[in-house]
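Reviewing the structure listed below.
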Amino acid sequence: MSKKVPVYVISGFLGSGKTTVLLHMLEHFKDEGLKPGIILNELGDENVENHLFQGERVVELLNGCICCTIQDDLKSTLDQYVGEKVDVLIIEGTGVANPLEIKDVLLTPLYMEHFELQSMISLVDASHYLEYQSFFNSSKEIRGLLKEQVTSAHLLVLNKMDLVSEKELIKVESKLADELEDHVPVYRTSYGEVPLEILLEKRMQMREVRVDQHGKGAGHDHHHHHHHIEAVKVAFSEPVNRVVLEKQLKKLSKQVVRSKGIVRLDETPGLYEFQYAASTLVLNKIEKTDVEPSIILIGKEIDDKKVEKFCEALRGE
Ligand SMILES: Nc1nc2c(ncn2[C@@H]2O[C@H](COP(=O)(O)OP(=O)(O)OP(=O)(O)O)[C@@H](O)[C@H]2O)c(=O)[nH]1
C-alpha cells in the first residue's frame, strides 16, 4: 500500500492569521522539494486569495458557513487526493468552520487508510479574542465555535502579539487556560512566525492495537503518550450488539472521549458506521461493502489492556 499522506489542519476565527501560517508552511514544503496539496474552505462563492496559490494544487470548498456541514464536500475533495501524488496536505477551514468536523472526517477508517492527521493547528488573534467574546455574547453558536477552535487544538498559536498590551495578554491567556487542556502548547507570535519544527510536529498519535480472536493483544505497546491525544484503531470483524457497544464505550469514558468506526451488528446484516460522542452512540447503515470493519478510539493515554477488555466484552466473553 502506498504511504499515507500527512495532513495538517489549520483553523481559527476570521482573520486570525490562518492564511499567513499556511503560506509559511507552503514555502517550507516547496523548499524541501515536496509537493503539497491544499484544501481551502472559503466563505462566499469566490476565493479572493486565489492569487496567493498560483501553480499549487488547490481544491476549494466554497460556501462553507457555520450552519452547514462541510463534511460531504470535504469527503469528495479528499477522494480527489486519494492516489494523487501529493507529499503533504494542508486543510484550512473558514474562519467559521468547525474544526472538529474536519478532524472527524479524517479519522474515519476510510480516510485513515490514505491520510494521517499530524496536528490540528489553531490560530487565535490575541488582539481580538476578548473583544469577540463580548461581541458575540448573544450568539451561543459563535461562542461555541470560538471555544471549539481553541479546545480542538493540538497546538495553539497566539498570533498578532504586536497588537496587544501586556495587560490584555494576561487576560487573554487566563481565558485560554480555562479552555485548553494542560498539555496543549501555546506559542505566542506575530505574523504566524512559528518555528517549523514546532509547527510541523506530529501531535496526533495514531496506532493500531491488534487483538486476536481470543482477545489477547499482540505486539503490546507499553509506551504512554501522556502529552498527546491519540487515536487507537482496532480491527473488529465480528458482529456486535449495539447496546453492548454503547455500554462498553461508556465504560472507557475516563480515557476515550470520542469513538467512531464501522461495525457489523448482530441483529441485521450489512455494515454500519457508528459515531460515539457525548456518551451517545449513533449508528447508520452504509452502502459500501468493501470496507474492513474497525473501531477507532480517540482520547488520552488509552491503555491497551482496557482495549483488549473492551473487545472481549464486545464478543460477549
Ligand atoms: N498586525 C498583525 N497583522 C497580522 C498578523 N498576522 C496576520 N496579520 C494580518 O491579518 C490579516 C488576516 O490574516 P490572514 O492570514 O489572511 O487571516 P485568516 O485567518 O486567513 O483570515 P480569514 O481567511 O479571513 O479567516 C492579513 O492582513 C494579515 O497580514 C499579526 O501577527 N499582526
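In the C-alpha cells, the first chain shown is A, the next is B, and so on; residue numbers restart at 1 for each chain, and ligands run from 1 in the order shown.
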Closest atom pairs, chain A residues within 7 Å of ligand 1, only C-alpha atoms and all ligand atoms, as JSON lines:
```
{"residue": "A:Gly12", "atom": "CA", "partner": "ligand 1", "partner_atom_place_in_ligand_line": "19 (O)", "distance": 6.2}
{"residue": "A:Phe13", "atom": "CA", "partner": "ligand 1", "partner_atom_place_in_ligand_line": "25 (O)", "distance": 5.9}
{"residue": "A:Leu14", "atom": "CA", "partner": "ligand 1", "partner_atom_place_in_ligand_line": "25 (O)", "distance": 3.3}
{"residue": "A:Gly15", "atom": "CA", "partner": "ligand 1", "partner_atom_place_in_ligand_line": "21 (O)", "distance": 3.3}
{"residue": "A:Ser16", "atom": "CA", "partner": "ligand 1", "partner_atom_place_in_ligand_line": "19 (O)", "distance": 3.9}
{"residue": "A:Gly17", "atom": "CA", "partner": "ligand 1", "partner_atom_place_in_ligand_line": "15 (O)", "distance": 3.2}
{"residue": "A:Lys18", "atom": "CA", "partner": "ligand 1", "partner_atom_place_in_ligand_line": "19 (O)", "distance": 3.8}
{"residue": "A:Thr19", "atom": "CA", "partner": "ligand 1", "partner_atom_place_in_ligand_line": "20 (O)", "distance": 3.7}
{"residue": "A:Thr20", "atom": "CA", "partner": "ligand 1", "partner_atom_place_in_ligand_line": "15 (O)", "distance": 3.7}
{"residue": "A:Val21", "atom": "CA", "partner": "ligand 1", "partner_atom_place_in_ligand_line": "15 (O)", "distance": 6.6}
{"residue": "A:Glu42", "atom": "CA", "partner": "ligand 1", "partner_atom_place_in_ligand_line": "23 (O)", "distance": 6.8}
{"residue": "A:Thr94", "atom": "CA", "partner": "ligand 1", "partner_atom_place_in_ligand_line": "25 (O)", "distance": 5.7}
{"residue": "A:Gly95", "atom": "CA", "partner": "ligand 1", "partner_atom_place_in_ligand_line": "25 (O)", "distance": 4.1}
{"residue": "A:Asn159", "atom": "CA", "partner": "ligand 1", "partner_atom_place_in_ligand_line": "31 (O)", "distance": 5.0}
{"residue": "A:Lys160", "atom": "CA", "partner": "ligand 1", "partner_atom_place_in_ligand_line": "31 (O)", "distance": 3.1}
{"residue": "A:Met161", "atom": "CA", "partner": "ligand 1", "partner_atom_place_in_ligand_line": "31 (O)", "distance": 5.9}
{"residue": "A:Asp162", "atom": "CA", "partner": "ligand 1", "partner_atom_place_in_ligand_line": "32 (N)", "distance": 5.7}
{"residue": "A:Leu163", "atom": "CA", "partner": "ligand 1", "partner_atom_place_in_ligand_line": "1 (N)", "distance": 5.9}
{"residue": "A:Thr189", "atom": "CA", "partner": "ligand 1", "partner_atom_place_in_ligand_line": "31 (O)", "distance": 6.5}
{"residue": "A:Ser190", "atom": "CA", "partner": "ligand 1", "partner_atom_place_in_ligand_line": "31 (O)", "distance": 3.2}
{"residue": "A:Tyr191", "atom": "CA", "partner": "ligand 1", "partner_atom_place_in_ligand_line": "31 (O)", "distance": 3.5}
{"residue": "A:Gly192", "atom": "CA", "partner": "ligand 1", "partner_atom_place_in_ligand_line": "6 (N)", "distance": 5.7}
```
Residues of segment 76-230 of chain A in strand (DSSP E or B), written as JSON, numbers by chain: {"A": [88, 89, 90, 91, 92, 115, 116, 117, 118, 119, 120, 121, 122, 123, 124, 125, 155, 156, 157, 158, 159, 186, 187, 188, 204, 205, 206, 207, 208, 210, 211, 217, 218, 229, 230]}
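The residue that comes closest to Glu131 of chain A, out of A:Arg188, A:Lys171, A:Lys309, A:Lys260 and on the basis of only C-alpha atoms, is A:Lys171.
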Using 12 Å as the limit and counting only C-alpha atoms, can you tabulate each residue of segment 82-123 of chain A that touches segment 271-284 of chain A, with its shortest atom-to-atom distance in Å and the two atoms involved, as JSON lines?
```
{"residue": "A:Leu100", "atom": "CA", "partner": "A:Ala277", "partner_atom": "CA", "distance": 11.6}
{"residue": "A:Asp104", "atom": "CA", "partner": "A:Gln275", "partner_atom": "CA", "distance": 9.5}
{"residue": "A:Val105", "atom": "CA", "partner": "A:Gln275", "partner_atom": "CA", "distance": 11.2}
{"residue": "A:Leu107", "atom": "CA", "partner": "A:Gln275", "partner_atom": "CA", "distance": 11.1}
{"residue": "A:Thr108", "atom": "CA", "partner": "A:Glu273", "partner_atom": "CA", "distance": 9.2}
{"residue": "A:Pro109", "atom": "CA", "partner": "A:Glu273", "partner_atom": "CA", "distance": 9.7}
{"residue": "A:Leu110", "atom": "CA", "partner": "A:Glu273", "partner_atom": "CA", "distance": 10.6}
```
For the residues selected in the previous step, produce a file with C-alpha atoms as a compact mmCIF listing (two decimals), in the first residue's frame.
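In the end it all went to again.txt:
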```
# COMPACT_ATOMS: atom_id res chain seq x y z
CA LEU A 100 -13.92 19.06 14.70
CA ASP A 104 -13.96 13.76 12.26
CA VAL A 105 -13.76 13.05 8.56
CA LEU A 107 -10.43 9.96 11.50
CA THR A 108 -12.89 7.69 9.76
CA PRO A 109 -11.47 4.32 8.76
CA LEU A 110 -11.98 5.02 5.09
```
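In terms of minimum interatomic distance to Ile38 of chain A, A:Asp87 ranks closest within A:Asp266, A:Glu308, A:Asp87, A:Glu148, counting only C-alpha atoms.
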I'd like to know which of A:Asn98, A:Ile10, A:Val5, A:Val157 is closest to Leu34 of chain A, using only C-alpha atoms.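 Looking at the shortest contact to Leu34 of chain A, the residue is A:Val5.
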Which is closest to Lys75 of chain A among A:Glu267, A:Glu317, A:Glu101, A:Glu166, if we use only C-alpha atoms?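 Comparing A:Glu267, A:Glu317, A:Glu101, A:Glu166 against Lys75 of chain A, the winner is A:Glu101.
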For each of A:Pro36, A:Leu265, A:Ala153, A:Asp290, take the minimum atom-to-atom distance to Val86 of chain A, counting only C-alpha atoms, then give the residue where this is smallest. A:Pro36
Interatomic distance (Å, one decimal) between atom CA of Lys202 of chain A and atom CA of Val186 of chain A: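 Separation between atom CA of Lys202 of chain A and atom CA of Val186 of chain A: 15.4 Å.
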Can you work out which one of A:His128, A:Lys140, A:Lys250, A:Arg207 has the shortest atom-to-atom distance to Val164 of chain A, counting only C-alpha atoms?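 Looking at the shortest contact to Val164 of chain A, the residue is A:His128.
Here atom CA of Lys3 of chain A stands at a distance of 9.2 Å from atom CA of Glu113 of chain A.
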Which residues are close to segment 229-244 of chain A, i.e. within 7 Å by only C-alpha atoms, leaving aside same-chain residues fewer than 5 positions away? Reply as number ranges by chain. A: 204-210, 263-266, 293-300, 314-315
Write out as a PDB file with N, CA and C atoms, in the first residue's frame the residues lying within 12 Å of Ala177 of chain A, counting only C-alpha atoms and excluding same-chain residues fewer than 5 positions away.
```pdb
ATOM      1  N   LYS A 147     -14.873  28.707  21.078  1.00  0.00           N
ATOM      2  CA  LYS A 147     -14.346  27.803  22.084  1.00  0.00           C
ATOM      3  C   LYS A 147     -13.799  26.527  21.428  1.00  0.00           C
ATOM      4  N   VAL A 150     -10.505  26.611  19.904  1.00  0.00           N
ATOM      5  CA  VAL A 150      -9.419  26.530  20.884  1.00  0.00           C
ATOM      6  C   VAL A 150      -9.290  25.101  21.433  1.00  0.00           C
ATOM      7  N   THR A 151     -10.401  24.529  21.837  1.00  0.00           N
ATOM      8  CA  THR A 151     -10.317  23.219  22.505  1.00  0.00           C
ATOM      9  C   THR A 151      -9.893  22.089  21.561  1.00  0.00           C
ATOM     10  N   LEU A 156      -1.698  25.593  19.849  1.00  0.00           N
ATOM     11  CA  LEU A 156      -2.401  26.867  19.756  1.00  0.00           C
ATOM     12  C   LEU A 156      -1.407  27.982  19.462  1.00  0.00           C
ATOM     13  N   LEU A 169      -2.822  40.803  27.362  1.00  0.00           N
ATOM     14  CA  LEU A 169      -2.311  39.448  27.135  1.00  0.00           C
ATOM     15  C   LEU A 169      -2.576  38.538  28.343  1.00  0.00           C
ATOM     16  N   ILE A 170      -2.399  39.089  29.516  1.00  0.00           N
ATOM     17  CA  ILE A 170      -2.634  38.294  30.726  1.00  0.00           C
ATOM     18  C   ILE A 170      -4.086  37.813  30.766  1.00  0.00           C
ATOM     19  N   LYS A 171      -4.986  38.709  30.423  1.00  0.00           N
ATOM     20  CA  LYS A 171      -6.410  38.333  30.422  1.00  0.00           C
ATOM     21  C   LYS A 171      -6.702  37.270  29.362  1.00  0.00           C
ATOM     22  N   VAL A 172      -6.124  37.464  28.193  1.00  0.00           N
ATOM     23  CA  VAL A 172      -6.362  36.501  27.105  1.00  0.00           C
ATOM     24  C   VAL A 172      -5.830  35.123  27.514  1.00  0.00           C
ATOM     25  N   ASP A 182      -4.176  21.057  29.761  1.00  0.00           N
ATOM     26  CA  ASP A 182      -2.834  21.449  30.220  1.00  0.00           C
ATOM     27  C   ASP A 182      -1.702  21.155  29.237  1.00  0.00           C
ATOM     28  N   HIS A 183      -1.840  20.049  28.542  1.00  0.00           N
ATOM     29  CA  HIS A 183      -0.704  19.634  27.720  1.00  0.00           C
ATOM     30  C   HIS A 183      -0.630  20.332  26.363  1.00  0.00           C
ATOM     31  N   VAL A 184      -1.619  21.146  26.029  1.00  0.00           N
ATOM     32  CA  VAL A 184      -1.608  21.778  24.704  1.00  0.00           C
ATOM     33  C   VAL A 184      -0.678  22.997  24.718  1.00  0.00           C
ATOM     34  N   PRO A 185       0.365  22.983  23.895  1.00  0.00           N
ATOM     35  CA  PRO A 185       1.293  24.113  23.905  1.00  0.00           C
ATOM     36  C   PRO A 185       0.694  25.370  23.269  1.00  0.00           C
ATOM     37  N   VAL A 186       1.051  26.515  23.850  1.00  0.00           N
ATOM     38  CA  VAL A 186       0.609  27.794  23.295  1.00  0.00           C
ATOM     39  C   VAL A 186       1.864  28.522  22.820  1.00  0.00           C
TER      40      VAL A 186
END
```
Give me the residues within 8 Å of Leu106 of chain A as a list of chain:residue names, counting only C-alpha atoms and dropping any in the same chain fewer than 6 places off. A:Met112, A:Phe115, A:Glu116, A:Leu117
Among segment 69-248 of chain A, which ones does DSSP assign to alpha helix (DSSP H) (computed from the backbone)? Answer as a VMD selection string. chain A and resid 71 to 81 99 to 106 109 to 112 129 to 135 140 to 151 166 to 179 196 to 199 242 to 248
With only C-alpha atoms as the counted atoms, please give the residues lying no more than 9 Å from Leu74 of chain A, apart from itself and same-chain residues fewer than 5 positions off, as JSON, numbers by chain. {"A": [39, 41, 61, 79, 102, 105]}
